[in-house]
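S.K.: I'm passing along data-v9.csv; it holds CSV, C-alpha atoms and all ligand atoms.
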```csv
chain,number,residue,atom,x,y,z
Z,1,MET,CA,35.2,66.5,31.7
Z,2,LYS,CA,34.1,62.9,31.2
Z,3,ILE,CA,36.5,60.2,29.9
Z,4,GLY,CA,36.0,56.7,28.7
Z,5,LEU,CA,38.3,53.8,29.7
Z,6,VAL,CA,39.1,51.2,27.0
Z,7,GLY,CA,40.7,48.3,28.9
Z,8,TYR,CA,39.7,48.0,32.5
Z,9,GLY,CA,42.7,46.0,33.9
Z,10,LYS,CA,45.3,47.2,36.4
Z,11,MET,CA,45.9,50.5,34.6
Z,12,GLY,CA,42.3,51.2,33.9
Z,13,LYS,CA,41.4,50.8,37.5
Z,14,ILE,CA,44.2,53.0,38.8
Z,15,ILE,CA,43.3,55.7,36.3
Z,16,GLU,CA,39.7,55.6,37.5
Z,17,SER,CA,40.7,56.0,41.1
Z,18,LEU,CA,43.0,59.0,40.3
Z,19,ALA,CA,40.7,60.7,37.8
Z,20,PRO,CA,38.9,63.0,40.3
Z,21,ASN,CA,42.2,64.5,41.3
Z,22,HIS,CA,42.5,65.8,37.7
Z,23,GLY,CA,38.9,67.0,37.5
Z,24,LEU,CA,38.0,64.0,35.4
Z,25,GLU,CA,35.1,61.6,35.7
Z,26,VAL,CA,34.9,58.1,34.2
Z,27,GLY,CA,31.7,57.9,32.2
Z,28,ALA,CA,32.2,54.6,30.4
Z,29,ARG,CA,34.3,51.5,30.6
Z,30,PHE,CA,35.0,49.0,27.8
Z,31,ASP,CA,36.7,45.6,28.4
Z,32,ILE,CA,37.0,42.3,26.7
Z,33,GLY,CA,33.4,41.3,27.6
Z,34,ASN,CA,32.1,44.7,26.5
Z,35,PRO,CA,34.4,45.8,23.7
Z,36,LEU,CA,34.5,49.2,22.0
Z,37,GLN,CA,32.4,49.2,18.8
Z,38,ASP,CA,31.7,51.7,16.1
Z,39,ASP,CA,27.9,51.5,16.3
Z,40,ALA,CA,24.9,53.7,17.2
Z,41,GLN,CA,24.6,52.4,20.8
Z,42,THR,CA,28.2,53.2,21.6
Z,43,ARG,CA,27.9,56.6,19.9
Z,44,GLN,CA,25.0,57.2,22.3
Z,45,ILE,CA,26.9,56.0,25.4
Z,46,LEU,CA,29.9,58.3,24.4
Z,47,LYS,CA,27.9,61.3,23.3
Z,48,ASP,CA,29.2,63.5,26.2
Z,49,ILE,CA,32.6,61.8,26.5
Z,50,PRO,CA,35.2,63.4,24.3
Z,51,VAL,CA,38.3,61.5,25.4
Z,52,LEU,CA,39.1,57.7,25.6
Z,53,ILE,CA,42.1,56.3,27.5
Z,54,GLU,CA,43.2,53.0,26.1
Z,55,PHE,CA,45.3,50.5,28.2
Z,56,SER,CA,44.3,47.0,27.0
Z,57,THR,CA,46.4,44.4,25.2
Z,58,PRO,CA,48.7,44.4,22.2
Z,59,GLU,CA,46.2,42.1,20.5
Z,60,SER,CA,43.2,44.4,20.9
Z,61,VAL,CA,44.8,47.9,20.7
Z,62,MET,CA,44.5,48.4,16.9
Z,63,HIS,CA,40.8,47.4,16.9
Z,64,ASN,CA,40.3,49.9,19.8
Z,65,ILE,CA,42.2,52.7,18.0
Z,66,ARG,CA,40.3,52.2,14.7
Z,67,CYS,CA,36.9,52.2,16.6
Z,68,GLY,CA,37.8,55.2,18.8
Z,69,LEU,CA,38.9,57.3,15.8
Z,70,ALA,CA,35.9,56.3,13.7
Z,71,LEU,CA,33.8,57.5,16.6
Z,72,GLU,CA,35.7,60.8,16.3
Z,73,LYS,CA,37.0,60.6,19.9
Z,74,GLN,CA,40.2,62.1,21.2
Z,75,MET,CA,42.5,59.2,22.4
Z,76,VAL,CA,45.3,58.5,24.9
Z,77,VAL,CA,46.9,55.2,24.0
Z,78,GLY,CA,49.2,53.5,26.6
Z,79,THR,CA,49.2,50.0,25.1
Z,80,THR,CA,52.3,49.3,23.1
Z,81,GLY,CA,53.1,46.8,20.3
Z,82,TRP,CA,51.3,48.6,17.4
Z,83,HIS,CA,54.2,50.7,16.1
Z,84,ASP,CA,54.2,48.8,12.7
Z,85,HIS,CA,50.7,50.5,12.1
Z,86,ILE,CA,51.9,54.0,12.9
Z,87,ASP,CA,51.3,55.2,9.3
Z,88,GLU,CA,47.7,53.9,9.3
Z,89,VAL,CA,47.0,55.5,12.6
Z,90,LYS,CA,48.4,58.8,11.4
Z,91,ASP,CA,46.1,58.6,8.3
Z,92,LEU,CA,43.1,57.8,10.5
Z,93,VAL,CA,43.7,60.7,12.9
Z,94,GLU,CA,43.9,63.1,9.9
Z,95,LYS,CA,40.9,61.6,8.1
Z,96,ASN,CA,38.7,61.8,11.3
Z,97,GLY,CA,40.0,65.2,12.4
Z,98,THR,CA,40.8,63.9,15.9
Z,99,GLY,CA,43.8,63.9,18.2
Z,100,LEU,CA,45.8,60.9,19.6
Z,101,VAL,CA,48.7,60.9,22.0
Z,102,HIS,CA,50.6,57.7,22.6
Z,103,ALA,CA,53.7,56.8,24.7
Z,104,SER,CA,55.4,53.6,25.6
Z,105,ASN,CA,55.8,55.2,29.1
Z,106,PHE,CA,53.4,57.8,30.4
Z,107,SER,CA,55.3,58.5,33.6
Z,108,LEU,CA,56.2,62.2,33.9
Z,109,GLY,CA,59.3,61.2,35.8
Z,110,VAL,CA,60.5,58.9,33.0
Z,111,ASN,CA,59.9,61.5,30.4
Z,112,LEU,CA,61.9,64.1,32.5
Z,113,PHE,CA,64.6,61.4,32.8
Z,114,TYR,CA,64.7,61.2,29.0
Z,115,GLU,CA,65.3,65.0,28.8
Z,116,ILE,CA,68.1,64.8,31.3
Z,117,LEU,CA,69.7,61.9,29.4
Z,118,LYS,CA,69.5,63.9,26.1
Z,119,ASN,CA,72.0,66.3,27.8
Z,120,ALA,CA,74.1,63.7,29.6
Z,121,GLY,CA,74.9,61.7,26.4
Z,122,PRO,CA,76.8,64.3,24.5
Z,123,ILE,CA,78.6,65.6,27.7
Z,124,MET,CA,79.8,62.1,28.8
Z,125,ALA,CA,80.8,61.0,25.3
Z,126,ARG,CA,83.5,63.7,25.3
Z,127,PHE,CA,85.4,61.9,28.0
Z,128,GLU,CA,86.4,58.5,26.8
Z,129,GLN,CA,87.5,57.3,30.2
Z,130,TYR,CA,83.8,56.9,31.1
Z,131,VAL,CA,82.3,53.7,29.7
Z,132,PRO,CA,78.5,53.7,29.4
Z,133,PHE,CA,76.2,50.8,30.3
Z,134,MET,CA,72.5,50.4,31.4
Z,135,GLU,CA,70.7,48.4,34.0
Z,136,GLU,CA,66.9,47.8,34.2
Z,137,GLN,CA,64.9,45.8,36.7
Z,138,HIS,CA,61.3,44.7,36.6
Z,139,HIS,CA,58.9,42.2,38.3
Z,140,GLN,CA,59.1,38.5,37.5
Z,141,PHE,CA,55.9,38.7,35.3
Z,142,LYS,CA,57.2,41.1,32.7
Z,143,LYS,CA,57.7,39.2,29.5
Z,144,ASP,CA,59.9,41.5,27.3
Z,145,ALA,CA,63.5,42.3,28.0
Z,146,PRO,CA,65.0,44.8,27.6
Z,147,SER,CA,61.9,46.9,28.4
Z,148,GLY,CA,60.5,49.3,25.8
Z,149,THR,CA,61.6,52.2,28.0
Z,150,ALA,CA,65.2,50.8,28.2
Z,151,LYS,CA,65.2,50.7,24.4
Z,152,VAL,CA,64.1,54.3,24.2
Z,153,ILE,CA,66.8,55.3,26.6
Z,154,ARG,CA,69.5,53.5,24.7
Z,155,GLU,CA,68.3,55.2,21.4
Z,156,LEU,CA,68.8,58.6,23.1
Z,157,ILE,CA,72.4,58.0,24.2
Z,158,GLN,CA,73.7,55.4,21.7
Z,159,PRO,CA,74.4,58.0,18.9
Z,160,TYR,CA,77.1,59.6,21.0
Z,161,PHE,CA,79.1,56.4,21.5
Z,162,ASP,CA,81.0,54.1,19.1
Z,163,THR,CA,80.4,50.8,20.9
Z,164,GLU,CA,77.0,49.3,21.6
Z,165,ILE,CA,75.7,50.2,25.1
Z,166,PRO,CA,75.0,46.9,26.9
Z,167,ILE,CA,71.8,46.6,29.0
Z,168,SER,CA,71.7,44.3,32.0
Z,169,CYS,CA,68.1,43.1,32.7
Z,170,VAL,CA,66.7,41.6,35.9
Z,171,ARG,CA,63.2,40.0,36.1
Z,172,ALA,CA,62.5,39.2,39.8
Z,173,GLY,CA,60.1,39.7,42.6
Z,174,TYR,CA,57.6,42.6,42.4
Z,175,ILE,CA,59.8,45.5,41.3
Z,176,PRO,CA,57.5,48.1,39.5
Z,177,GLY,CA,60.5,49.1,37.3
Z,178,SER,CA,63.8,50.8,37.5
Z,179,HIS,CA,66.2,52.1,34.7
Z,180,ALA,CA,69.7,53.3,35.2
Z,181,VAL,CA,72.4,54.7,32.9
Z,182,VAL,CA,75.8,54.3,34.3
Z,183,PHE,CA,79.1,55.9,33.2
Z,184,ASP,CA,82.0,54.0,34.7
Z,185,SER,CA,85.6,55.0,34.9
Z,186,ARG,CA,88.7,53.6,36.7
Z,187,VAL,CA,88.2,56.1,39.6
Z,188,ASP,CA,84.5,56.6,39.9
Z,189,THR,CA,80.9,55.9,38.7
Z,190,ILE,CA,78.2,58.3,37.6
Z,191,LYS,CA,74.8,56.6,37.9
Z,192,LEU,CA,71.6,58.3,36.6
Z,193,GLU,CA,68.5,56.3,37.7
Z,194,HIS,CA,64.8,56.5,37.6
Z,195,VAL,CA,62.9,54.2,40.1
Z,196,ALA,CA,59.2,53.8,39.8
Z,197,ARG,CA,57.5,53.2,43.2
Z,198,ASN,CA,54.2,51.9,41.7
Z,199,ARG,CA,51.9,52.2,38.6
Z,200,GLU,CA,50.4,55.5,39.7
Z,201,GLY,CA,53.0,57.5,37.8
Z,202,PHE,CA,51.8,56.0,34.5
Z,203,ALA,CA,48.2,56.7,35.4
Z,204,GLU,CA,48.9,60.3,36.4
Z,205,GLY,CA,50.7,60.9,33.1
Z,206,ALA,CA,47.7,59.4,31.1
Z,207,LEU,CA,45.3,61.7,33.0
Z,208,ILE,CA,47.5,64.7,32.2
Z,209,ALA,CA,47.5,63.5,28.6
Z,210,ALA,CA,43.7,63.2,28.6
Z,211,ARG,CA,43.3,66.9,29.5
Z,212,TRP,CA,46.0,68.0,27.1
Z,213,ILE,CA,44.6,66.1,24.1
Z,214,GLN,CA,41.0,67.3,24.4
Z,215,ASP,CA,41.5,70.2,22.0
Z,216,GLN,CA,44.4,69.0,19.9
Z,217,LYS,CA,44.3,67.6,16.3
Z,218,GLY,CA,47.0,65.2,15.1
Z,219,LEU,CA,49.3,62.4,16.3
Z,220,PHE,CA,51.4,63.2,19.4
Z,221,GLY,CA,53.9,61.8,21.8
Z,222,PHE,CA,54.5,62.6,25.5
Z,223,GLN,CA,57.3,64.9,24.5
Z,224,ASP,CA,54.7,67.3,23.1
Z,225,ILE,CA,52.9,67.4,26.4
Z,226,LEU,CA,56.2,67.9,28.2
Z,227,GLY,CA,56.8,70.9,25.9
Z,228,THR,CA,53.6,72.5,27.2
Z,229,LEU,CA,54.4,71.6,30.8
Z,230,LEU,CA,57.9,73.1,30.5
Z,231,GLN,CA,56.4,76.3,29.0
Z,232,GLN,CA,53.8,76.6,31.8
Z,233,SER,CA,56.4,76.0,34.5
Z,234,GLY,CA,58.6,78.7,32.8
Z,235,LYS,CA,55.7,81.1,33.0
Z,236,LYS,CA,55.2,80.3,36.7
Z,237,GLU,CA,58.8,81.0,37.3
Z,238,SER,CA,58.6,84.5,35.7
Z,239,ASN,CA,55.4,85.2,37.7
Z,240,TYR,CA,57.3,84.4,40.8
Z,241,GLU,CA,60.0,86.9,40.0
Q,301,LIG,N1,52.4,53.4,28.3
Q,301,LIG,C1,52.5,53.2,29.6
Q,301,LIG,O1,52.9,54.1,30.3
Q,301,LIG,C2,52.1,51.9,30.1
Q,301,LIG,C3,52.1,51.6,31.5
Q,301,LIG,C4,51.7,50.5,32.0
Q,301,LIG,C5,51.2,49.5,31.2
Q,301,LIG,N2,51.2,49.7,29.8
Q,301,LIG,C6,50.6,48.7,28.9
Q,301,LIG,O2,49.2,48.9,28.9
Q,301,LIG,C7,48.6,47.7,28.7
Q,301,LIG,C8,47.6,47.4,29.9
Q,301,LIG,O3,48.3,47.2,31.1
Q,301,LIG,P1,47.6,46.7,32.4
Q,301,LIG,O4,48.7,46.6,33.4
Q,301,LIG,O5,46.4,47.4,32.7
Q,301,LIG,O6,47.2,45.2,31.9
Q,301,LIG,P2,46.0,44.3,32.4
Q,301,LIG,O7,45.8,44.4,33.9
Q,301,LIG,O8,46.3,42.9,31.8
Q,301,LIG,O9,44.8,44.9,31.7
Q,301,LIG,C9,44.5,44.8,30.3
Q,301,LIG,C10,43.0,44.8,30.2
Q,301,LIG,O10,42.5,44.9,28.8
Q,301,LIG,C11,41.4,44.1,28.7
Q,301,LIG,N3,41.1,43.7,27.3
Q,301,LIG,C12,41.5,42.6,26.6
Q,301,LIG,N4,40.9,42.7,25.3
Q,301,LIG,C13,40.2,43.8,25.2
Q,301,LIG,C14,39.5,44.4,24.2
Q,301,LIG,N5,39.3,43.9,23.0
Q,301,LIG,N6,38.9,45.7,24.5
Q,301,LIG,C15,39.1,46.2,25.7
Q,301,LIG,N7,39.8,45.7,26.7
Q,301,LIG,C16,40.4,44.5,26.5
Q,301,LIG,C17,41.7,42.9,29.5
Q,301,LIG,O11,40.6,42.2,29.8
Q,301,LIG,P3,40.7,40.6,30.4
Q,301,LIG,O12,41.4,40.8,31.7
Q,301,LIG,O13,39.3,40.2,30.5
Q,301,LIG,O14,41.5,39.9,29.4
Q,301,LIG,C18,42.3,43.6,30.8
Q,301,LIG,O15,41.3,44.0,31.7
Q,301,LIG,C19,49.7,46.6,28.6
Q,301,LIG,O16,49.9,46.4,27.2
Q,301,LIG,C20,50.9,47.3,29.2
Q,301,LIG,O17,52.1,46.8,28.7
Q,301,LIG,C21,51.6,50.9,29.3
```
Represent the supplied structure as structure tokens.
Ligand SMILES: NC(=O)c1ccc[n+]([C@@H]2O[C@H](COP(=O)([O-])OP(=O)(O)OC[C@H]3O[C@@H](n4cnc5c(N)ncnc54)[C@H](OP(=O)(O)O)[C@@H]3O)[C@@H](O)[C@H]2O)c1
M.R.:
Amino acid sequence: MKIGLVGYGKMGKIIESLAPNHGLEVGARFDIGNPLQDDAQTRQILKDIPVLIEFSTPESVMHNIRCGLALEKQMVVGTTGWHDHIDEVKDLVEKNGTGLVHASNFSLGVNLFYEILKNAGPIMARFEQYVPFMEEQHHQFKKDAPSGTAKVIRELIQPYFDTEIPISCVRAGYIPGSHAVVFDSRVDTIKLEHVARNREGFAEGALIAARWIQDQKGLFGFQDILGTLLQQSGKKESNYE
């Protein structure tokens, strides 16, 4: 299957390099100098490209989503910062009969980490001797703190605890990103941590999403993809038996 890249920065380039491993081929690239447009020429360029992967900037993402859906393309959107427009995007997806999957973090590992934490929160909250807190570290260039991923993690476990879970943030060096949830008692520490080695994890997740979204209609998050992956791995297990 052919895919189009909307945004050809660090993420766009890694996605392109890993696409063949997923049986995907990049057939078109759009960037600030060659933006995605809803016009006849772009329709022609994209005629045999069903899926667009969007990793651009918070300033351009809504324009790209509006165009991509008007062009009736299936979309994978990694750029964040447009959540205020979620109702509009849902309406456009329905109106145009397409599918769009978005996630503030496309890493499979981080999404599995979320699943583990969904179980850890209610277990640990039963033992008040354990006090929760969070740590996250990113490179010196990351502007936001806490990270979007740290906020998602806190939302997953906060409901089980009465006091606000503090997040300690470090911005230094070239750290790709790490997130930890710590439960600390007088006698020991339980630390659950996800450490990204590089950006490839995000790109791999976006490519998995591109294959998944090709025949879906509606608005989805990575948890929907994870549901399919868990089902498939369940099937594999039973085959093995
Ligand atoms: N969800 C996730 O898992 C995940 C993971 C990593 C990153 N992200 C997010 O994804 C976005 C891209 O990350 P990145 O590391 O690839 O950033 P980046 O290297 O800065 O790349 C962004 C690219 O978008 C281009 N761009 C600007 N305006 C555009 C427009 N109107 N149409 C198309 N392209 C346009 C930029 O062009 P110029 O360079 O010419 O300005 C640049 O090439 C960021 O918002 C980042 O926070 C999400």
S.K.: Could you check how far CA of Val77 in chain Z sits from CA of Val195 in chain Z, in Å to one decimal?
M.R.: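 Taking CA of Val77 in chain Z as the start and CA of Val195 in chain Z as the end point, the length is 22.7 Å.
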S.K.: Each residue of chain Z with at least one atom at most 8 Å from ligand LIG 301 (chain Q) should appear once, together with its nearest atom pair and the corresponding distance in Å (one decimal); atoms considered: all atoms listed in the file; ordering: chain, then increasing residue number; output as a tab-separated table.
M.R.:
```
residue	atom	partner	partner_atom	distance
Z:Val6	CA	Q:LIG301	C15	5.2
Z:Gly7	CA	Q:LIG301	N7	3.5
Z:Tyr8	CA	Q:LIG301	O15	4.4
Z:Gly9	CA	Q:LIG301	O9	3.2
Z:Lys10	CA	Q:LIG301	O7	3.8
Z:Met11	CA	Q:LIG301	O5	3.7
Z:Gly12	CA	Q:LIG301	O5	5.7
Z:Lys13	CA	Q:LIG301	O5	7.7
Z:Phe30	CA	Q:LIG301	C15	5.4
Z:Asp31	CA	Q:LIG301	N7	3.5
Z:Ile32	CA	Q:LIG301	C13	3.8
Z:Gly33	CA	Q:LIG301	O13	6.7
Z:Asn34	CA	Q:LIG301	N6	7.2
Z:Pro35	CA	Q:LIG301	N6	4.6
Z:Leu36	CA	Q:LIG301	N6	6.2
Z:Glu54	CA	Q:LIG301	O2	7.8
Z:Phe55	CA	Q:LIG301	C8	4.2
Z:Ser56	CA	Q:LIG301	O10	3.3
Z:Thr57	CA	Q:LIG301	O16	4.5
Z:Pro58	CA	Q:LIG301	O16	5.5
Z:Glu59	CA	Q:LIG301	N4	7.2
Z:Ser60	CA	Q:LIG301	N5	4.5
Z:Val61	CA	Q:LIG301	N5	7.2
Z:His63	CA	Q:LIG301	N5	7.2
Z:Asn64	CA	Q:LIG301	N6	6.5
Z:Val77	CA	Q:LIG301	N1	7.2
Z:Gly78	CA	Q:LIG301	N1	3.6
Z:Thr79	CA	Q:LIG301	O2	4.0
Z:Thr80	CA	Q:LIG301	O16	5.6
Z:Gly81	CA	Q:LIG301	O16	7.6
Z:His102	CA	Q:LIG301	N1	7.4
Z:Ala103	CA	Q:LIG301	N1	5.1
Z:Ser104	CA	Q:LIG301	N1	4.0
Z:Asn105	CA	Q:LIG301	O1	3.3
Z:Phe106	CA	Q:LIG301	O1	3.7
Z:Ser107	CA	Q:LIG301	O1	6.0
Z:Arg199	CA	Q:LIG301	C4	6.8
Z:Phe202	CA	Q:LIG301	O1	4.7
Z:Ala203	CA	Q:LIG301	O1	7.4
Z:Gly205	CA	Q:LIG301	O1	7.7
Z:Ala206	CA	Q:LIG301	O1	7.5
```
S.K.: With all atoms listed in the file as the atoms that count, which of Z:Trp82, Z:Phe141, Z:Phe113, Z:Phe183 lies nearest to Phe127 in chain Z?
M.R.: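 When distances to Phe127 in chain Z are compared using all atoms listed in the file, the smallest one comes from Z:Phe183.
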S.K.: Could you pull the residues within 12 Å of Glu115 in chain Z, counting only C-alpha atoms, minus those fewer than 4 positions along the same chain, as a compact mmCIF listing (two decimals) with C-alpha atoms, keeping the file's coordinate frame?
M.R.:
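Wrote it out as selection-v3.txt, contents follow:
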```
# COMPACT_ATOMS: atom_id res chain seq x y z
CA LEU Z 108 56.20 62.20 33.90
CA GLY Z 109 59.30 61.20 35.80
CA VAL Z 110 60.50 58.90 33.00
CA ASN Z 111 59.90 61.50 30.40
CA ASN Z 119 72.00 66.30 27.80
CA ALA Z 120 74.10 63.70 29.60
CA GLY Z 121 74.90 61.70 26.40
CA VAL Z 152 64.10 54.30 24.20
CA ILE Z 153 66.80 55.30 26.60
CA LEU Z 156 68.80 58.60 23.10
CA ILE Z 157 72.40 58.00 24.20
CA PHE Z 222 54.50 62.60 25.50
CA GLN Z 223 57.30 64.90 24.50
CA LEU Z 226 56.20 67.90 28.20
CA GLY Z 227 56.80 70.90 25.90
CA LEU Z 230 57.90 73.10 30.50
```
S.K.: Using all atoms listed in the file, which of Z:Leu71, Z:Tyr114, Z:Ile167, Z:Gly173 sits nearest Ala40 in chain Z?
M.R.: Z:Leu71
S.K.: Report, in Å to a single decimal, how far apart CA of Asp48 in chain Z and CA of Cys67 in chain Z are.
M.R.: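 Atom-to-atom, CA of Cys67 in chain Z to CA of Asp48 in chain Z, that is 16.7 Å.
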S.K.: Using CA of Tyr174 in chain Z and CA of Ala196 in chain Z as the two end points, give the distance in Å to one decimal.
M.R.: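 For CA of Tyr174 in chain Z relative to CA of Ala196 in chain Z, the distance reads 11.6 Å.
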S.K.: Env of Pro159 in chain Z: 10 Å cut, atoms = all atoms listed in the file, seq-sep filter 5 positions within chain, self excluded. Answer as a PyMOL selection string.
M.R.: chain Z and resi 121-122+125+154+164
S.K.: Include C-alpha atoms and write out the residues we just selected as a PDB file, in the frame of the given file.
M.R.:
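File produced: part_33.pdb:
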```pdb
ATOM      1  CA  GLY Z 121      74.900  61.700  26.400  1.00  0.00           C
ATOM      2  CA  PRO Z 122      76.800  64.300  24.500  1.00  0.00           C
ATOM      3  CA  ALA Z 125      80.800  61.000  25.300  1.00  0.00           C
ATOM      4  CA  ARG Z 154      69.500  53.500  24.700  1.00  0.00           C
ATOM      5  CA  GLU Z 164      77.000  49.300  21.600  1.00  0.00           C
TER       6      GLU Z 164
END
```
S.K.: Neighbouring residues of Tyr130 in chain Z were defined as those with any atom within 10 Å, considering all atoms listed in the file; residues of the same chain fewer than 6 positions away were excluded. Please report them as a list in words.
M.R.: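 These residues fall inside the cut-off: Met124, Val182, Phe183, Asp184, Ser185, Arg186, Val187, Asp188, Thr189 and Ile190 of chain Z.
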S.K.: Fewer than 2 positions away in the same chain doesn't count, so skip those; otherwise give me all residues within 9 Å of Ala210 in chain Z, counting all atoms listed in the file, as a list in words.
M.R.: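 Listing them by chain and then by number gives Ile3, Leu24, Val51, Leu52, Ile53, Gln74, Met75, Val76, Val101, Gly205, Ala206, Leu207, Ile208, Trp212, Ile213 and Gln214 of chain Z.
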S.K.: Fewer than 5 positions away in the same chain doesn't count, so skip those; otherwise give me all residues within 9 Å of range 143-150 of chain Z, counting all atoms listed in the file, as an MDAnalysis selection string.
M.R.: chainID Z and resid 80 104:105 110 134:138 155 167:171 179:180
S.K.: My list of candidates is Z:Gln37, Z:Ser17, Z:Gln158, Z:Thr98. Which is closest to Gly218 in chain Z when distances are computed with all atoms listed in the file?
M.R.: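 Closest to Gly218 in chain Z, using all atoms listed in the file: Z:Thr98.
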S.K.: Which residue gives the smallest distance to Lys73 in chain Z among Z:Gly4, Z:Pro176, Z:Pro20, Z:Gly27, with only C-alpha atoms counted?
M.R.: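 Of Z:Gly4, Z:Pro176, Z:Pro20, Z:Gly27, the one nearest Lys73 in chain Z, counting only C-alpha atoms, is Z:Gly4.
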